[in-house]
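Participant: The following file, query.pdb, comprises PDB, N, CA and C atoms, pLDDT in the B column:
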ATOM      1  N   MET A   1     112.390  97.061  76.593  1.00 77.00           N
ATOM      2  CA  MET A   1     112.443  98.108  77.594  1.00 77.00           C
ATOM      3  C   MET A   1     111.233  99.028  77.423  1.00 77.00           C
ATOM      4  N   PRO A   2     110.104  98.650  77.966  1.00 88.00           N
ATOM      5  CA  PRO A   2     108.927  99.501  77.848  1.00 88.00           C
ATOM      6  C   PRO A   2     109.113 100.819  78.593  1.00 88.00           C
ATOM      7  N   THR A   3     108.746 101.891  77.942  1.00 94.00           N
ATOM      8  CA  THR A   3     108.813 103.216  78.549  1.00 94.00           C
ATOM      9  C   THR A   3     107.539 103.462  79.339  1.00 94.00           C
ATOM     10  N   ALA A   4     107.692 103.843  80.597  1.00 95.00           N
ATOM     11  CA  ALA A   4     106.549 104.149  81.447  1.00 95.00           C
ATOM     12  C   ALA A   4     106.197 105.627  81.388  1.00 95.00           C
ATOM     13  N   LEU A   5     107.219 106.490  81.205  1.00 96.00           N
ATOM     14  CA  LEU A   5     106.990 107.926  81.301  1.00 96.00           C
ATOM     15  C   LEU A   5     108.129 108.679  80.631  1.00 96.00           C
ATOM     16  N   LEU A   6     107.795 109.777  79.972  1.00 97.00           N
ATOM     17  CA  LEU A   6     108.780 110.716  79.426  1.00 97.00           C
ATOM     18  C   LEU A   6     108.483 112.083  80.021  1.00 97.00           C
ATOM     19  N   VAL A   7     109.435 112.618  80.798  1.00 97.00           N
ATOM     20  CA  VAL A   7     109.228 113.897  81.476  1.00 97.00           C
ATOM     21  C   VAL A   7     110.532 114.679  81.499  1.00 97.00           C
ATOM     22  N   HIS A   8     110.503 115.921  81.031  1.00 96.00           N
ATOM     23  CA  HIS A   8     111.666 116.823  81.093  1.00 96.00           C
ATOM     24  C   HIS A   8     112.948 116.168  80.581  1.00 96.00           C
ATOM     25  N   GLY A   9     112.843 115.410  79.519  1.00 98.00           N
ATOM     26  CA  GLY A   9     114.014 114.755  78.947  1.00 98.00           C
ATOM     27  C   GLY A   9     114.380 113.431  79.597  1.00 98.00           C
ATOM     28  N   TRP A  10     113.713 113.091  80.678  1.00 98.00           N
ATOM     29  CA  TRP A  10     113.946 111.819  81.364  1.00 98.00           C
ATOM     30  C   TRP A  10     113.068 110.739  80.752  1.00 98.00           C
ATOM     31  N   ARG A  11     113.639 109.578  80.523  1.00 98.00           N
ATOM     32  CA  ARG A  11     112.886 108.399  80.096  1.00 98.00           C
ATOM     33  C   ARG A  11     112.883 107.422  81.260  1.00 98.00           C
ATOM     34  N   LEU A  12     111.713 107.120  81.785  1.00 98.00           N
ATOM     35  CA  LEU A  12     111.560 106.167  82.882  1.00 98.00           C
ATOM     36  C   LEU A  12     111.033 104.871  82.287  1.00 98.00           C
ATOM     37  N   PHE A  13     111.704 103.760  82.590  1.00 96.00           N
ATOM     38  CA  PHE A  13     111.400 102.512  81.894  1.00 96.00           C
ATOM     39  C   PHE A  13     111.700 101.298  82.768  1.00 96.00           C
ATOM     40  N   PHE A  14     111.285 100.135  82.249  1.00 92.00           N
ATOM     41  CA  PHE A  14     111.510  98.843  82.900  1.00 92.00           C
ATOM     42  C   PHE A  14     112.310  97.948  81.969  1.00 92.00           C
ATOM     43  N   TYR A  15     112.998  96.982  82.553  1.00 89.00           N
ATOM     44  CA  TYR A  15     113.610  95.899  81.785  1.00 89.00           C
ATOM     45  C   TYR A  15     112.736  94.661  81.938  1.00 89.00           C
ATOM     46  N   MET A  16     112.608  93.906  80.884  1.00 79.00           N
ATOM     47  CA  MET A  16     111.726  92.739  80.895  1.00 79.00           C
ATOM     48  C   MET A  16     112.252  91.598  81.763  1.00 79.00           C
ATOM     49  N   ASN A  17     113.558  91.502  81.950  1.00 78.00           N
ATOM     50  CA  ASN A  17     114.140  90.349  82.646  1.00 78.00           C
ATOM     51  C   ASN A  17     114.352  90.586  84.143  1.00 78.00           C
ATOM     52  N   GLU A  18     113.665  91.538  84.731  1.00 78.00           N
ATOM     53  CA  GLU A  18     113.876  91.853  86.150  1.00 78.00           C
ATOM     54  C   GLU A  18     112.625  91.634  86.995  1.00 78.00           C
ATOM     55  N   ARG A  19     111.810  90.698  86.620  1.00 73.00           N
ATOM     56  CA  ARG A  19     110.546  90.522  87.328  1.00 73.00           C
ATOM     57  C   ARG A  19     110.719  89.931  88.718  1.00 73.00           C
ATOM     58  N   ASN A  20     111.866  89.372  89.046  1.00 82.00           N
ATOM     59  CA  ASN A  20     112.082  88.798  90.375  1.00 82.00           C
ATOM     60  C   ASN A  20     112.611  89.819  91.374  1.00 82.00           C
ATOM     61  N   GLU A  21     112.763  91.051  90.955  1.00 86.00           N
ATOM     62  CA  GLU A  21     113.222  92.113  91.850  1.00 86.00           C
ATOM     63  C   GLU A  21     112.016  92.865  92.408  1.00 86.00           C
ATOM     64  N   PRO A  22     112.200  93.540  93.549  1.00 89.00           N
ATOM     65  CA  PRO A  22     111.123  94.390  94.070  1.00 89.00           C
ATOM     66  C   PRO A  22     110.814  95.513  93.073  1.00 89.00           C
ATOM     67  N   PRO A  23     109.659  96.178  93.221  1.00 92.00           N
ATOM     68  CA  PRO A  23     109.310  97.268  92.305  1.00 92.00           C
ATOM     69  C   PRO A  23     110.418  98.321  92.227  1.00 92.00           C
ATOM     70  N   HIS A  24     110.732  98.710  91.005  1.00 95.00           N
ATOM     71  CA  HIS A  24     111.765  99.717  90.779  1.00 95.00           C
ATOM     72  C   HIS A  24     111.561 100.338  89.403  1.00 95.00           C
ATOM     73  N   ILE A  25     112.287 101.419  89.160  1.00 97.00           N
ATOM     74  CA  ILE A  25     112.211 102.117  87.882  1.00 97.00           C
ATOM     75  C   ILE A  25     113.621 102.513  87.457  1.00 97.00           C
ATOM     76  N   HIS A  26     113.884 102.384  86.178  1.00 98.00           N
ATOM     77  CA  HIS A  26     115.132 102.866  85.597  1.00 98.00           C
ATOM     78  C   HIS A  26     114.849 104.223  84.971  1.00 98.00           C
ATOM     79  N   ALA A  27     115.848 105.099  84.972  1.00 98.00           N
ATOM     80  CA  ALA A  27     115.682 106.413  84.353  1.00 98.00           C
ATOM     81  C   ALA A  27     116.956 106.769  83.599  1.00 98.00           C
ATOM     82  N   ARG A  28     116.762 107.420  82.464  1.00 98.00           N
ATOM     83  CA  ARG A  28     117.899 107.806  81.634  1.00 98.00           C
ATOM     84  C   ARG A  28     117.615 109.180  81.028  1.00 98.00           C
ATOM     85  N   LYS A  29     118.664 109.991  81.014  1.00 98.00           N
ATOM     86  CA  LYS A  29     118.604 111.312  80.383  1.00 98.00           C
ATOM     87  C   LYS A  29     120.009 111.608  79.881  1.00 98.00           C
ATOM     88  N   GLY A  30     120.182 111.626  78.557  1.00 97.00           N
ATOM     89  CA  GLY A  30     121.521 111.818  78.003  1.00 97.00           C
ATOM     90  C   GLY A  30     122.446 110.713  78.472  1.00 97.00           C
ATOM     91  N   ASP A  31     123.574 111.105  79.098  1.00 98.00           N
ATOM     92  CA  ASP A  31     124.525 110.102  79.590  1.00 98.00           C
ATOM     93  C   ASP A  31     124.296 109.745  81.062  1.00 98.00           C
ATOM     94  N   ILE A  32     123.163 110.161  81.607  1.00 98.00           N
ATOM     95  CA  ILE A  32     122.803 109.842  82.989  1.00 98.00           C
ATOM     96  C   ILE A  32     121.959 108.572  82.987  1.00 98.00           C
ATOM     97  N   ASP A  33     122.310 107.657  83.876  1.00 98.00           N
ATOM     98  CA  ASP A  33     121.576 106.401  83.989  1.00 98.00           C
ATOM     99  C   ASP A  33     121.419 106.087  85.473  1.00 98.00           C
ATOM    100  N   CYS A  34     120.203 105.769  85.906  1.00 98.00           N
ATOM    101  CA  CYS A  34     119.993 105.483  87.323  1.00 98.00           C
ATOM    102  C   CYS A  34     118.828 104.517  87.506  1.00 98.00           C
ATOM    103  N   LYS A  35     118.763 103.984  88.719  1.00 98.00           N
ATOM    104  CA  LYS A  35     117.709 103.037  89.080  1.00 98.00           C
ATOM    105  C   LYS A  35     117.279 103.345  90.505  1.00 98.00           C
ATOM    106  N   PHE A  36     115.965 103.339  90.727  1.00 98.00           N
ATOM    107  CA  PHE A  36     115.421 103.619  92.050  1.00 98.00           C
ATOM    108  C   PHE A  36     114.443 102.525  92.452  1.00 98.00           C
ATOM    109  N   TRP A  37     114.578 102.048  93.688  1.00 97.00           N
ATOM    110  CA  TRP A  37     113.615 101.113  94.263  1.00 97.00           C
ATOM    111  C   TRP A  37     112.372 101.900  94.650  1.00 97.00           C
ATOM    112  N   LEU A  38     111.203 101.335  94.410  1.00 97.00           N
ATOM    113  CA  LEU A  38     109.927 101.957  94.774  1.00 97.00           C
ATOM    114  C   LEU A  38     109.394 101.237  96.007  1.00 97.00           C
ATOM    115  N   ASN A  39     109.570 101.839  97.173  1.00 96.00           N
ATOM    116  CA  ASN A  39     109.126 101.222  98.424  1.00 96.00           C
ATOM    117  C   ASN A  39     107.655 101.568  98.637  1.00 96.00           C
ATOM    118  N   VAL A  40     106.793 100.660  98.232  1.00 94.00           N
ATOM    119  CA  VAL A  40     105.355 100.900  98.249  1.00 94.00           C
ATOM    120  C   VAL A  40     104.836 101.071  99.671  1.00 94.00           C
ATOM    121  N   ASP A  41     105.288 100.245 100.607  1.00 94.00           N
ATOM    122  CA  ASP A  41     104.790 100.289 101.984  1.00 94.00           C
ATOM    123  C   ASP A  41     105.094 101.612 102.675  1.00 94.00           C
ATOM    124  N   GLU A  42     106.230 102.195 102.371  1.00 94.00           N
ATOM    125  CA  GLU A  42     106.639 103.440 103.023  1.00 94.00           C
ATOM    126  C   GLU A  42     106.476 104.661 102.124  1.00 94.00           C
ATOM    127  N   TYR A  43     105.947 104.461 100.917  1.00 95.00           N
ATOM    128  CA  TYR A  43     105.789 105.532  99.935  1.00 95.00           C
ATOM    129  C   TYR A  43     107.101 106.321  99.829  1.00 95.00           C
ATOM    130  N   ASP A  44     108.163 105.590  99.479  1.00 97.00           N
ATOM    131  CA  ASP A  44     109.499 106.170  99.430  1.00 97.00           C
ATOM    132  C   ASP A  44     110.262 105.579  98.250  1.00 97.00           C
ATOM    133  N   VAL A  45     111.325 106.255  97.865  1.00 97.00           N
ATOM    134  CA  VAL A  45     112.212 105.743  96.822  1.00 97.00           C
ATOM    135  C   VAL A  45     113.625 105.702  97.378  1.00 97.00           C
ATOM    136  N   GLU A  46     114.383 104.722  96.917  1.00 97.00           N
ATOM    137  CA  GLU A  46     115.775 104.580  97.337  1.00 97.00           C
ATOM    138  C   GLU A  46     116.625 104.363  96.095  1.00 97.00           C
ATOM    139  N   GLU A  47     117.692 105.116  95.991  1.00 98.00           N
ATOM    140  CA  GLU A  47     118.567 104.999  94.829  1.00 98.00           C
ATOM    141  C   GLU A  47     119.327 103.677  94.870  1.00 98.00           C
ATOM    142  N   ALA A  48     119.202 102.905  93.812  1.00 97.00           N
ATOM    143  CA  ALA A  48     119.960 101.658  93.684  1.00 97.00           C
ATOM    144  C   ALA A  48     121.328 101.950  93.094  1.00 97.00           C
ATOM    145  N   TYR A  49     121.364 102.793  92.068  1.00 98.00           N
ATOM    146  CA  TYR A  49     122.624 103.264  91.504  1.00 98.00           C
ATOM    147  C   TYR A  49     122.363 104.530  90.698  1.00 98.00           C
ATOM    148  N   GLY A  50     123.417 105.296  90.512  1.00 98.00           N
ATOM    149  CA  GLY A  50     123.334 106.502  89.698  1.00 98.00           C
ATOM    150  C   GLY A  50     124.646 106.723  88.972  1.00 98.00           C
ATOM    151  N   TYR A  51     124.605 106.703  87.654  1.00 98.00           N
ATOM    152  CA  TYR A  51     125.785 106.923  86.829  1.00 98.00           C
ATOM    153  C   TYR A  51     125.692 108.320  86.232  1.00 98.00           C
ATOM    154  N   ASN A  52     126.704 109.158  86.489  1.00 98.00           N
ATOM    155  CA  ASN A  52     126.724 110.561  86.046  1.00 98.00           C
ATOM    156  C   ASN A  52     125.560 111.362  86.622  1.00 98.00           C
ATOM    157  N   LEU A  53     125.080 110.990  87.780  1.00 97.00           N
ATOM    158  CA  LEU A  53     123.932 111.637  88.399  1.00 97.00           C
ATOM    159  C   LEU A  53     124.412 112.737  89.347  1.00 97.00           C
ATOM    160  N   THR A  54     124.207 113.988  88.950  1.00 97.00           N
ATOM    161  CA  THR A  54     124.595 115.122  89.788  1.00 97.00           C
ATOM    162  C   THR A  54     123.548 115.318  90.884  1.00 97.00           C
ATOM    163  N   PRO A  55     123.882 116.044  91.943  1.00 98.00           N
ATOM    164  CA  PRO A  55     122.883 116.313  92.985  1.00 98.00           C
ATOM    165  C   PRO A  55     121.616 116.976  92.423  1.00 98.00           C
ATOM    166  N   ARG A  56     121.781 117.887  91.491  1.00 98.00           N
ATOM    167  CA  ARG A  56     120.610 118.561  90.897  1.00 98.00           C
ATOM    168  C   ARG A  56     119.732 117.569  90.131  1.00 98.00           C
ATOM    169  N   ASN A  57     120.370 116.728  89.316  1.00 98.00           N
ATOM    170  CA  ASN A  57     119.604 115.728  88.571  1.00 98.00           C
ATOM    171  C   ASN A  57     118.972 114.697  89.500  1.00 98.00           C
ATOM    172  N   ARG A  58     119.656 114.359  90.582  1.00 98.00           N
ATOM    173  CA  ARG A  58     119.106 113.417  91.566  1.00 98.00           C
ATOM    174  C   ARG A  58     117.823 113.997  92.172  1.00 98.00           C
ATOM    175  N   ARG A  59     117.862 115.270  92.538  1.00 98.00           N
ATOM    176  CA  ARG A  59     116.662 115.913  93.087  1.00 98.00           C
ATOM    177  C   ARG A  59     115.535 115.917  92.059  1.00 98.00           C
ATOM    178  N   GLN A  60     115.885 116.237  90.807  1.00 98.00           N
ATOM    179  CA  GLN A  60     114.870 116.318  89.759  1.00 98.00           C
ATOM    180  C   GLN A  60     114.212 114.962  89.504  1.00 98.00           C
ATOM    181  N   ILE A  61     115.001 113.912  89.357  1.00 99.00           N
ATOM    182  CA  ILE A  61     114.403 112.611  89.050  1.00 99.00           C
ATOM    183  C   ILE A  61     113.635 112.069  90.252  1.00 99.00           C
ATOM    184  N   ARG A  62     114.112 112.318  91.457  1.00 98.00           N
ATOM    185  CA  ARG A  62     113.352 111.897  92.646  1.00 98.00           C
ATOM    186  C   ARG A  62     112.006 112.606  92.703  1.00 98.00           C
ATOM    187  N   GLN A  63     111.991 113.889  92.374  1.00 98.00           N
ATOM    188  CA  GLN A  63     110.735 114.644  92.365  1.00 98.00           C
ATOM    189  C   GLN A  63     109.776 114.072  91.318  1.00 98.00           C
ATOM    190  N   ILE A  64     110.293 113.769  90.137  1.00 98.00           N
ATOM    191  CA  ILE A  64     109.461 113.186  89.076  1.00 98.00           C
ATOM    192  C   ILE A  64     108.894 111.843  89.528  1.00 98.00           C
ATOM    193  N   ILE A  65     109.727 111.025  90.147  1.00 98.00           N
ATOM    194  CA  ILE A  65     109.257 109.715  90.616  1.00 98.00           C
ATOM    195  C   ILE A  65     108.184 109.885  91.684  1.00 98.00           C
ATOM    196  N   PHE A  66     108.405 110.784  92.655  1.00 98.00           N
ATOM    197  CA  PHE A  66     107.404 110.996  93.702  1.00 98.00           C
ATOM    198  C   PHE A  66     106.096 111.534  93.128  1.00 98.00           C
ATOM    199  N   GLU A  67     106.171 112.456  92.174  1.00 98.00           N
ATOM    200  CA  GLU A  67     104.957 113.025  91.572  1.00 98.00           C
ATOM    201  C   GLU A  67     104.162 111.979  90.799  1.00 98.00           C
ATOM    202  N   ASN A  68     104.827 110.919  90.356  1.00 98.00           N
ATOM    203  CA  ASN A  68     104.185 109.876  89.553  1.00 98.00           C
ATOM    204  C   ASN A  68     104.271 108.509  90.227  1.00 98.00           C
ATOM    205  N   PHE A  69     104.463 108.505  91.536  1.00 98.00           N
ATOM    206  CA  PHE A  69     104.734 107.273  92.279  1.00 98.00           C
ATOM    207  C   PHE A  69     103.669 106.202  92.048  1.00 98.00           C
ATOM    208  N   ASP A  70     102.407 106.543  92.266  1.00 97.00           N
ATOM    209  CA  ASP A  70     101.334 105.556  92.124  1.00 97.00           C
ATOM    210  C   ASP A  70     101.262 105.021  90.698  1.00 97.00           C
ATOM    211  N   TYR A  71     101.382 105.905  89.735  1.00 97.00           N
ATOM    212  CA  TYR A  71     101.350 105.489  88.330  1.00 97.00           C
ATOM    213  C   TYR A  71     102.499 104.526  88.019  1.00 97.00           C
ATOM    214  N   LEU A  72     103.700 104.840  88.503  1.00 97.00           N
ATOM    215  CA  LEU A  72     104.863 103.995  88.226  1.00 97.00           C
ATOM    216  C   LEU A  72     104.743 102.626  88.890  1.00 97.00           C
ATOM    217  N   VAL A  73     104.243 102.595  90.116  1.00 95.00           N
ATOM    218  CA  VAL A  73     104.050 101.313  90.803  1.00 95.00           C
ATOM    219  C   VAL A  73     103.015 100.480  90.050  1.00 95.00           C
ATOM    220  N   GLU A  74     101.899 101.100  89.665  1.00 94.00           N
ATOM    221  CA  GLU A  74     100.865 100.378  88.919  1.00 94.00           C
ATOM    222  C   GLU A  74     101.409  99.874  87.587  1.00 94.00           C
ATOM    223  N   ALA A  75     102.183 100.695  86.899  1.00 93.00           N
ATOM    224  CA  ALA A  75     102.767 100.285  85.619  1.00 93.00           C
ATOM    225  C   ALA A  75     103.736  99.124  85.824  1.00 93.00           C
ATOM    226  N   TYR A  76     104.536  99.188  86.873  1.00 92.00           N
ATOM    227  CA  TYR A  76     105.468  98.095  87.169  1.00 92.00           C
ATOM    228  C   TYR A  76     104.706  96.790  87.410  1.00 92.00           C
ATOM    229  N   LEU A  77     103.678  96.856  88.248  1.00 89.00           N
ATOM    230  CA  LEU A  77     102.909  95.654  88.570  1.00 89.00           C
ATOM    231  C   LEU A  77     102.160  95.124  87.349  1.00 89.00           C
ATOM    232  N   ARG A  78     101.623  96.015  86.531  1.00 90.00           N
ATOM    233  CA  ARG A  78     100.956  95.592  85.292  1.00 90.00           C
ATOM    234  C   ARG A  78     101.943  94.893  84.368  1.00 90.00           C
ATOM    235  N   PHE A  79     103.107  95.482  84.235  1.00 87.00           N
ATOM    236  CA  PHE A  79     104.104  94.957  83.310  1.00 87.00           C
ATOM    237  C   PHE A  79     104.677  93.629  83.781  1.00 87.00           C
ATOM    238  N   HIS A  80     105.000  93.541  85.059  1.00 82.00           N
ATOM    239  CA  HIS A  80     105.639  92.333  85.582  1.00 82.00           C
ATOM    240  C   HIS A  80     104.658  91.343  86.195  1.00 82.00           C
ATOM    241  N   GLY A  81     103.522  91.804  86.637  1.00 75.00           N
ATOM    242  CA  GLY A  81     102.583  90.932  87.336  1.00 75.00           C
ATOM    243  C   GLY A  81     101.792  90.005  86.451  1.00 75.00           C
ATOM    244  N   GLY A  82     101.720  90.294  85.163  1.00 51.00           N
ATOM    245  CA  GLY A  82     100.913  89.483  84.276  1.00 51.00           C
ATOM    246  C   GLY A  82     101.614  88.264  83.736  1.00 51.00           C
ATOM    247  N   GLU A  83     102.888  88.086  84.083  1.00 46.00           N
ATOM    248  CA  GLU A  83     103.653  86.960  83.561  1.00 46.00           C
ATOM    249  C   GLU A  83     103.445  85.726  84.412  1.00 46.00           C
ATOM    250  N   ASP A  84     103.626  84.575  83.828  1.00 40.00           N
ATOM    251  CA  ASP A  84     103.512  83.318  84.570  1.00 40.00           C
ATOM    252  C   ASP A  84     104.636  83.202  85.583  1.00 40.00           C
ATOM    253  N   GLU A  85     104.318  82.605  86.721  1.00 37.00           N
ATOM    254  CA  GLU A  85     105.332  82.398  87.764  1.00 37.00           C
ATOM    255  C   GLU A  85     106.263  81.380  87.299  1.00 37.00           C
TER     256      GLU A  85
END
Now that the file is in, can you turn its structure into structure tokens?
Facilitator:
Amino acid sequence: MPTALLVHGWRLFFYMNERNEPPHIHARKGDIDCKFWLNVDEYDVEEAYGYNLTPRNRRQIRQIIFENFDYLVEAYLRFHGGEDE
């Protein structure tokens, strides 16, 4: 589970076995666990799931993802794109 970013207690990371999925990021903070799809074409994020994710935390993690959107997409593609098909 490579960590892409650590911000305000949030750990944003990837799983190695998910290379066949569209670009996305996992995030964890304490007992909060969530996953967001990174829609590159529309420069948008969509929540895939959120466990213990309050509205305030949802706003915070979405803001962090948007502020680092390009970096996260590049990190995802670097991490998953270098593997053999």
Participant: Evaluate the PyMOL selection byres (((chain A and resi 17 and name CA) around 12) and name CA) here and jot the selected residues down as an NGL selection string.
Facilitator: :A and (1-2 or 14-16 or 18-21 or 79-80 or 83)
Participant: Which residue out of A:Asn57, A:Leu6, A:Phe66, A:Ala27 has the minimum interatomic distance to Tyr43 (chain A) when only N, CA and C atoms are used?
Facilitator: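 Of all the options, A:Phe66 lies closest to Tyr43 (chain A).
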Participant: What is the atom N of Leu5 (chain A)-atom C of Asp31 (chain A) distance in Å, reported with one decimal?
Facilitator: 17.4 Å
Participant: Determine the residue membership of the PyMOL selection byres ((chain A and resi 26) around 5) for the file above and supply it as a PDB file with N, CA and C atoms, in the coordinates of the input.
Facilitator:
ATOM      1  N   LEU A  12     111.713 107.120  81.785  1.00 98.00           N
ATOM      2  CA  LEU A  12     111.560 106.167  82.882  1.00 98.00           C
ATOM      3  C   LEU A  12     111.033 104.871  82.287  1.00 98.00           C
ATOM      4  N   PHE A  13     111.704 103.760  82.590  1.00 96.00           N
ATOM      5  CA  PHE A  13     111.400 102.512  81.894  1.00 96.00           C
ATOM      6  C   PHE A  13     111.700 101.298  82.768  1.00 96.00           C
ATOM      7  N   HIS A  24     110.732  98.710  91.005  1.00 95.00           N
ATOM      8  CA  HIS A  24     111.765  99.717  90.779  1.00 95.00           C
ATOM      9  C   HIS A  24     111.561 100.338  89.403  1.00 95.00           C
ATOM     10  N   ILE A  25     112.287 101.419  89.160  1.00 97.00           N
ATOM     11  CA  ILE A  25     112.211 102.117  87.882  1.00 97.00           C
ATOM     12  C   ILE A  25     113.621 102.513  87.457  1.00 97.00           C
ATOM     13  N   ALA A  27     115.848 105.099  84.972  1.00 98.00           N
ATOM     14  CA  ALA A  27     115.682 106.413  84.353  1.00 98.00           C
ATOM     15  C   ALA A  27     116.956 106.769  83.599  1.00 98.00           C
ATOM     16  N   ARG A  28     116.762 107.420  82.464  1.00 98.00           N
ATOM     17  CA  ARG A  28     117.899 107.806  81.634  1.00 98.00           C
ATOM     18  C   ARG A  28     117.615 109.180  81.028  1.00 98.00           C
ATOM     19  N   CYS A  34     120.203 105.769  85.906  1.00 98.00           N
ATOM     20  CA  CYS A  34     119.993 105.483  87.323  1.00 98.00           C
ATOM     21  C   CYS A  34     118.828 104.517  87.506  1.00 98.00           C
ATOM     22  N   LYS A  35     118.763 103.984  88.719  1.00 98.00           N
ATOM     23  CA  LYS A  35     117.709 103.037  89.080  1.00 98.00           C
ATOM     24  C   LYS A  35     117.279 103.345  90.505  1.00 98.00           C
TER      25      LYS A  35
END
Participant: Give the answer as one residue: which of A:Pro55, A:Pro23, A:Gly50, A:Gly30 has the shortest atom-to-atom distance to Leu72 (chain A), using only C-alpha atoms?
Facilitator: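 Ranked by minimum distance to Leu72 (chain A), first place goes to A:Pro23.
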Participant: Can you sort out the box for region 46-65 of chain A, edges along x, y and z, all listed atoms in, 4 Å on every side, with centre and edge lengths in Å to one decimal, as AutoDock Vina command-line options?
Facilitator:
--center_x 117.5 --center_y 110.1 --center_z 91.7 --size_x 26.5 --size_y 24.9 --size_z 19.3
